[in-house]
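To start, the structure under review is shown below, and the notes come after it.
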Amino acid sequence: MTELTGMFPAELGDWCGAQGLPAFRAKQIFRWIHQGADFGEMTNLPLPLREKLSRIALAQPVSILETRRSRLDDTVKFLYGLTDGNCVEGVLMHYHHGYTLCVSTQVGCRMGCAFCASTLEGCVRDLTAGEMLGQILCANRYLGGEDRVHNVVLMGSGEPLDNYDSVTRFLRLLREPEGVQIGLRNVSLSTCGLVPKMMRLAEEDLPVTLSVSLHAPNDEIRRQTMPIAKTYPMEELLRACRHYVEKTGRRVIFEYALVGGLNDGEQHAAELAARLRGLQCHVNLIPLNSVPERGLRGVSEATVRRFLAKLESLHISATRRREMGDDIEGACGQLRRRIMTDKQGGEH
């Protein structure tokens with residue numbers, strides 16, 4: 001079946017033309033799709049046409065299999081089902097400025113970062129642009145009424161730049177006038193540091209905020225938790241960050257997960273500050289969510305405060321990331337992995 005969700009209006013027009021449909025039908029279908037509607041709900045299309053479309057095409061490639069709402073805040077965790085039986089996760093967060101959705105870009109991940117549950121079974125496959133957009137459409141339907149997703153963070157399962165073509169198509173779909181209309185300055189894209197793709201993204205005229213998973217002040221420590229550091233040393237990574245700032249005018253966000261006994265000392269903060277000095281950036285400190293499979297432990301609140309204070313004393317912009325959804329397996333990959341484990345356990 002043809003997936004229509006990832007098509008631009010002109011492409012959908014060509015497809016409709018190939019089915020013998022007039023151009024105005026493509027416009028109607030595009031609007032309905034971006035409202036999260038399936039063919040049966042497209043009431044200004046004749047019933048025989050809706051039935052035909054249901055047989056040959058797919059309007060909504062993503063559905064919500066499971067929903068969990070936090071008792072601690074307004075965070076909602078979604079387990080999304082895909083048409084091939086795979087599943088991915090999303091997290092809907094409510095801030096004073098509106099709703100932010102964490103979107104997945106791959107089923108699993110092949111980057112192997114030690115602190116991430118998404119990578120434990122590797123990458124099953126890339127998501128299509130339509131499947132990424134479908135996560136937003138599901139969230140908007142869940143919210144209902146006047147509420148909708150205003151901000152997107154590509155920080156779910158997967159490495160966005162490892163699925164480059166589909167991700168950049170998805171970003172362009174976000175700003176379609178008849179679509180969900182999310183400005184790219186409201187989008188953050190997280191990467192573990194695929195330097196060539198970062199350089200390429202800087203040339204795309206897609207002014208998203210680049211969020212780089214750094215997690216260490218030097219290569220020796222970074223290689224212990226991030227295999228990508230063996231391919232792209234920190235100097236190359238920071239050079240790509242400077243290039244991104246120069247081309248886009250957007251500051252870079254550095255994600256720094258504090259791991260007990262590894263990268264959490266004041267000397268690490270001082271070394272990090274020295275590396276980042278002069279770069280238009282912000283450091284986002286993340287107390288580690290423990291990953292038992294990797295033997296990594298978290299840090300105390302006092303350690304977070306000391307690290308943050310050291311960065312600030314050295315004139316590095318930094319904040320402690322607000323923790324949300326702790327009671328609903330909010331961290332990337334946790335819920336999907338538990339569901340998979342439960343299924344496998346039931347098969348024996």
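Residues in the structure tokens are numbered from 1 in each chain, the chains being A, B, ... in the order shown, and ligands are numbered from 1 in the order shown.
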
How close does each residue of region 177-227 of chain A get to region 153-163 of chain A, giving the shortest atom pair and distance in Å to one decimal for every residue with an atom at most 12 Å away, counting only C-alpha atoms, sorted by chain and residue number, as JSON lines?
{"residue": "A:Ile182", "atom": "CA", "partner": "A:Val153", "partner_atom": "CA", "distance": 11.7}
{"residue": "A:Leu184", "atom": "CA", "partner": "A:Val153", "partner_atom": "CA", "distance": 10.5}
{"residue": "A:Arg185", "atom": "CA", "partner": "A:Val153", "partner_atom": "CA", "distance": 10.9}
{"residue": "A:Asn186", "atom": "CA", "partner": "A:Val153", "partner_atom": "CA", "distance": 8.4}
{"residue": "A:Val187", "atom": "CA", "partner": "A:Val153", "partner_atom": "CA", "distance": 5.7}
{"residue": "A:Ser188", "atom": "CA", "partner": "A:Val153", "partner_atom": "CA", "distance": 4.7}
{"residue": "A:Leu189", "atom": "CA", "partner": "A:Leu154", "partner_atom": "CA", "distance": 4.8}
{"residue": "A:Ser190", "atom": "CA", "partner": "A:Met155", "partner_atom": "CA", "distance": 5.6}
{"residue": "A:Thr191", "atom": "CA", "partner": "A:Glu159", "partner_atom": "CA", "distance": 6.1}
{"residue": "A:Cys192", "atom": "CA", "partner": "A:Glu159", "partner_atom": "CA", "distance": 7.2}
{"residue": "A:Gly193", "atom": "CA", "partner": "A:Leu161", "partner_atom": "CA", "distance": 8.7}
{"residue": "A:Leu194", "atom": "CA", "partner": "A:Leu161", "partner_atom": "CA", "distance": 6.8}
{"residue": "A:Val195", "atom": "CA", "partner": "A:Leu161", "partner_atom": "CA", "distance": 9.4}
{"residue": "A:Pro196", "atom": "CA", "partner": "A:Leu161", "partner_atom": "CA", "distance": 9.5}
{"residue": "A:Lys197", "atom": "CA", "partner": "A:Leu161", "partner_atom": "CA", "distance": 6.2}
{"residue": "A:Met198", "atom": "CA", "partner": "A:Leu161", "partner_atom": "CA", "distance": 7.6}
{"residue": "A:Met199", "atom": "CA", "partner": "A:Leu161", "partner_atom": "CA", "distance": 10.8}
{"residue": "A:Arg200", "atom": "CA", "partner": "A:Leu161", "partner_atom": "CA", "distance": 9.9}
{"residue": "A:Leu201", "atom": "CA", "partner": "A:Leu161", "partner_atom": "CA", "distance": 8.7}
{"residue": "A:Val208", "atom": "CA", "partner": "A:Val153", "partner_atom": "CA", "distance": 9.7}
{"residue": "A:Thr209", "atom": "CA", "partner": "A:Val153", "partner_atom": "CA", "distance": 9.2}
{"residue": "A:Leu210", "atom": "CA", "partner": "A:Leu154", "partner_atom": "CA", "distance": 9.9}
{"residue": "A:Ser211", "atom": "CA", "partner": "A:Met155", "partner_atom": "CA", "distance": 9.0}
{"residue": "A:Val212", "atom": "CA", "partner": "A:Met155", "partner_atom": "CA", "distance": 10.5}
{"residue": "A:Ser213", "atom": "CA", "partner": "A:Met155", "partner_atom": "CA", "distance": 10.3}

Legend entry - Expected answer as an MDAnalysis selection string: strand (DSSP E or B) residues in region 200-278 of chain A: chainID A and resid 209:213 252:258

Can you list, as a PDB file with N, CA and C atoms, in the first residue's frame, every residue of region 162-208 of chain A that DSSP puts in helix (DSSP H, G or I)?
ATOM      1  N   ASP A 162      21.508   9.472  11.169  1.00  0.00           N
ATOM      2  CA  ASP A 162      21.735   8.167  10.559  1.00  0.00           C
ATOM      3  C   ASP A 162      20.585   7.810   9.615  1.00  0.00           C
ATOM      4  N   ASN A 163      19.522   8.586   9.675  1.00  0.00           N
ATOM      5  CA  ASN A 163      18.355   8.434   8.795  1.00  0.00           C
ATOM      6  C   ASN A 163      18.129   9.779   8.099  1.00  0.00           C
ATOM      7  N   TYR A 164      19.185  10.270   7.494  1.00  0.00           N
ATOM      8  CA  TYR A 164      19.274  11.676   7.077  1.00  0.00           C
ATOM      9  C   TYR A 164      18.168  12.087   6.105  1.00  0.00           C
ATOM     10  N   ASP A 165      17.991  11.348   5.023  1.00  0.00           N
ATOM     11  CA  ASP A 165      17.043  11.780   3.982  1.00  0.00           C
ATOM     12  C   ASP A 165      15.616  11.824   4.499  1.00  0.00           C
ATOM     13  N   SER A 166      15.207  10.814   5.260  1.00  0.00           N
ATOM     14  CA  SER A 166      13.838  10.803   5.787  1.00  0.00           C
ATOM     15  C   SER A 166      13.637  11.903   6.819  1.00  0.00           C
ATOM     16  N   VAL A 167      14.652  12.155   7.640  1.00  0.00           N
ATOM     17  CA  VAL A 167      14.534  13.192   8.664  1.00  0.00           C
ATOM     18  C   VAL A 167      14.429  14.578   8.033  1.00  0.00           C
ATOM     19  N   THR A 168      15.248  14.874   7.039  1.00  0.00           N
ATOM     20  CA  THR A 168      15.168  16.198   6.415  1.00  0.00           C
ATOM     21  C   THR A 168      13.852  16.366   5.643  1.00  0.00           C
ATOM     22  N   ARG A 169      13.337  15.288   5.062  1.00  0.00           N
ATOM     23  CA  ARG A 169      12.007  15.356   4.423  1.00  0.00           C
ATOM     24  C   ARG A 169      10.948  15.662   5.483  1.00  0.00           C
ATOM     25  N   PHE A 170      11.014  14.980   6.609  1.00  0.00           N
ATOM     26  CA  PHE A 170      10.083  15.224   7.717  1.00  0.00           C
ATOM     27  C   PHE A 170      10.138  16.681   8.164  1.00  0.00           C
ATOM     28  N   LEU A 171      11.340  17.230   8.298  1.00  0.00           N
ATOM     29  CA  LEU A 171      11.474  18.622   8.731  1.00  0.00           C
ATOM     30  C   LEU A 171      10.807  19.569   7.745  1.00  0.00           C
ATOM     31  N   ARG A 172      10.952  19.309   6.478  1.00  0.00           N
ATOM     32  CA  ARG A 172      10.311  20.168   5.470  1.00  0.00           C
ATOM     33  C   ARG A 172       8.793  20.019   5.489  1.00  0.00           C
ATOM     34  N   LEU A 173       8.312  18.816   5.779  1.00  0.00           N
ATOM     35  CA  LEU A 173       6.867  18.620   5.882  1.00  0.00           C
ATOM     36  C   LEU A 173       6.261  19.411   7.042  1.00  0.00           C
ATOM     37  N   LEU A 174       7.026  19.583   8.108  1.00  0.00           N
ATOM     38  CA  LEU A 174       6.509  20.289   9.284  1.00  0.00           C
ATOM     39  C   LEU A 174       6.048  21.700   8.959  1.00  0.00           C
ATOM     40  N   LEU A 184      10.564  25.545  12.184  1.00  0.00           N
ATOM     41  CA  LEU A 184      11.757  24.759  12.481  1.00  0.00           C
ATOM     42  C   LEU A 184      12.581  25.340  13.626  1.00  0.00           C
ATOM     43  N   ARG A 185      12.353  26.598  13.970  1.00  0.00           N
ATOM     44  CA  ARG A 185      13.019  27.131  15.154  1.00  0.00           C
ATOM     45  C   ARG A 185      12.418  26.561  16.436  1.00  0.00           C
ATOM     46  N   ASN A 186      11.331  25.821  16.293  1.00  0.00           N
ATOM     47  CA  ASN A 186      10.720  25.125  17.426  1.00  0.00           C
ATOM     48  C   ASN A 186      11.091  23.643  17.429  1.00  0.00           C
ATOM     49  N   VAL A 195      29.708  13.633  12.199  1.00  0.00           N
ATOM     50  CA  VAL A 195      30.276  14.895  11.732  1.00  0.00           C
ATOM     51  C   VAL A 195      29.944  15.217  10.276  1.00  0.00           C
ATOM     52  N   PRO A 196      30.130  14.306   9.319  1.00  0.00           N
ATOM     53  CA  PRO A 196      29.806  14.660   7.921  1.00  0.00           C
ATOM     54  C   PRO A 196      28.341  15.072   7.734  1.00  0.00           C
ATOM     55  N   LYS A 197      27.437  14.407   8.430  1.00  0.00           N
ATOM     56  CA  LYS A 197      26.015  14.742   8.316  1.00  0.00           C
ATOM     57  C   LYS A 197      25.714  16.076   9.004  1.00  0.00           C
ATOM     58  N   MET A 198      26.414  16.388  10.066  1.00  0.00           N
ATOM     59  CA  MET A 198      26.261  17.692  10.712  1.00  0.00           C
ATOM     60  C   MET A 198      26.687  18.810   9.758  1.00  0.00           C
ATOM     61  N   MET A 199      27.796  18.600   9.067  1.00  0.00           N
ATOM     62  CA  MET A 199      28.270  19.593   8.101  1.00  0.00           C
ATOM     63  C   MET A 199      27.245  19.768   6.972  1.00  0.00           C
ATOM     64  N   ARG A 200      26.677  18.659   6.548  1.00  0.00           N
ATOM     65  CA  ARG A 200      25.677  18.699   5.466  1.00  0.00           C
ATOM     66  C   ARG A 200      24.406  19.408   5.917  1.00  0.00           C
ATOM     67  N   LEU A 201      23.970  19.120   7.147  1.00  0.00           N
ATOM     68  CA  LEU A 201      22.747  19.740   7.671  1.00  0.00           C
ATOM     69  C   LEU A 201      22.886  21.254   7.745  1.00  0.00           C
TER      70      LEU A 201
END

Legend entry - For Asp219 (chain A), the nearest of the candidates A:Pro233, A:Gly183, A:Gly145, A:Gly40, counting only C-alpha atoms: A:Pro233

Legend entry - Pick from A:Arg31, A:Lys52, A:His94, A:His315, whichever lies nearest to Ser70 (chain A) using only C-alpha atoms: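 Once distances to Ser70 (chain A) are computed over only C-alpha atoms, the minimum belongs to A:His94.
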
Inset, instruction - Select, from A:Gln106, A:Thr83, A:Ser317, A:Thr43, the residue with the minimum atom-to-atom distance to Thr119 (chain A), counting only C-alpha atoms. - result: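 Once distances to Thr119 (chain A) are computed over only C-alpha atoms, the minimum belongs to A:Gln106.
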
Legend entry - Who sits within 9 Å of Thr67 (chain A), only C-alpha atoms, same chain under 5 positions skipped, as an MDAnalysis selection string: chainID A and resid 76:80

Hey, can you spit out that residue selection with N, CA, C and O atoms as an mmCIF file, in the first residue's frame?
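Saved as out_15.cif:
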data_model
loop_
_atom_site.group_PDB
_atom_site.id
_atom_site.type_symbol
_atom_site.label_atom_id
_atom_site.label_comp_id
_atom_site.auth_asym_id
_atom_site.auth_seq_id
_atom_site.Cartn_x
_atom_site.Cartn_y
_atom_site.Cartn_z
ATOM 1 N N VAL A 76 3.113 12.524 29.220
ATOM 2 C CA VAL A 76 2.428 11.332 28.716
ATOM 3 C C VAL A 76 3.412 10.541 27.862
ATOM 4 O O VAL A 76 4.087 11.103 27.004
ATOM 5 N N LYS A 77 3.485 9.239 28.124
ATOM 6 C CA LYS A 77 4.338 8.359 27.319
ATOM 7 C C LYS A 77 3.449 7.566 26.369
ATOM 8 O O LYS A 77 2.453 6.978 26.771
ATOM 9 N N PHE A 78 3.821 7.578 25.066
ATOM 10 C CA PHE A 78 3.093 6.813 24.065
ATOM 11 C C PHE A 78 3.935 5.638 23.601
ATOM 12 O O PHE A 78 5.149 5.783 23.394
ATOM 13 N N LEU A 79 3.308 4.494 23.434
ATOM 14 C CA LEU A 79 3.905 3.404 22.671
ATOM 15 C C LEU A 79 3.144 3.363 21.356
ATOM 16 O O LEU A 79 1.940 3.110 21.324
ATOM 17 N N TYR A 80 3.862 3.674 20.273
ATOM 18 C CA TYR A 80 3.243 3.729 18.949
ATOM 19 C C TYR A 80 3.404 2.398 18.228
ATOM 20 O O TYR A 80 4.488 1.793 18.243
#

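With only C-alpha atoms as the basis for measurement, A:Met1 is the residue among A:Ala114, A:Met42, A:Met1, A:Leu296 that approaches Asp84 (chain A) most closely.
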
Legend entry - Atom-to-atom span, CA of Leu101 (chain A) and CA of Ile136 (chain A), Å: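 Going from CA of Leu101 (chain A) over to CA of Ile136 (chain A), I get 7.2 Å.
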
Legend entry - Best match for closeness to Arg277 (chain A) among A:Ile316, A:Glu131, A:Glu246, A:Arg297, counting only C-alpha atoms: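 Of the candidates, the smallest distance to Arg277 (chain A) is held by A:Ile316.
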
Inset, instruction - Determine, counting only C-alpha atoms, which protein, DNA and RNA residues have an atom within 12 Å of an atom of His96 (chain A); residues of the same chain fewer than 3 positions away are not included. Present the result as a list in words. - result: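 In the requested form, the answer reads Asp74, Met93, Tyr99, Thr100, His150 and Asn151 of chain A.
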
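Taking CA of Leu58 (chain A) as the reference point, CA of Asn86 (chain A) is found at 16.3 Å.
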
Inset, instruction - Return the single residue from A:Pro46, A:Ala57, A:Met111, A:Val283 that is closest to Trp15 (chain A), with distances computed using only C-alpha atoms. - result: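 Among the listed residues, the smallest separation from Trp15 (chain A) belongs to A:Ala57.
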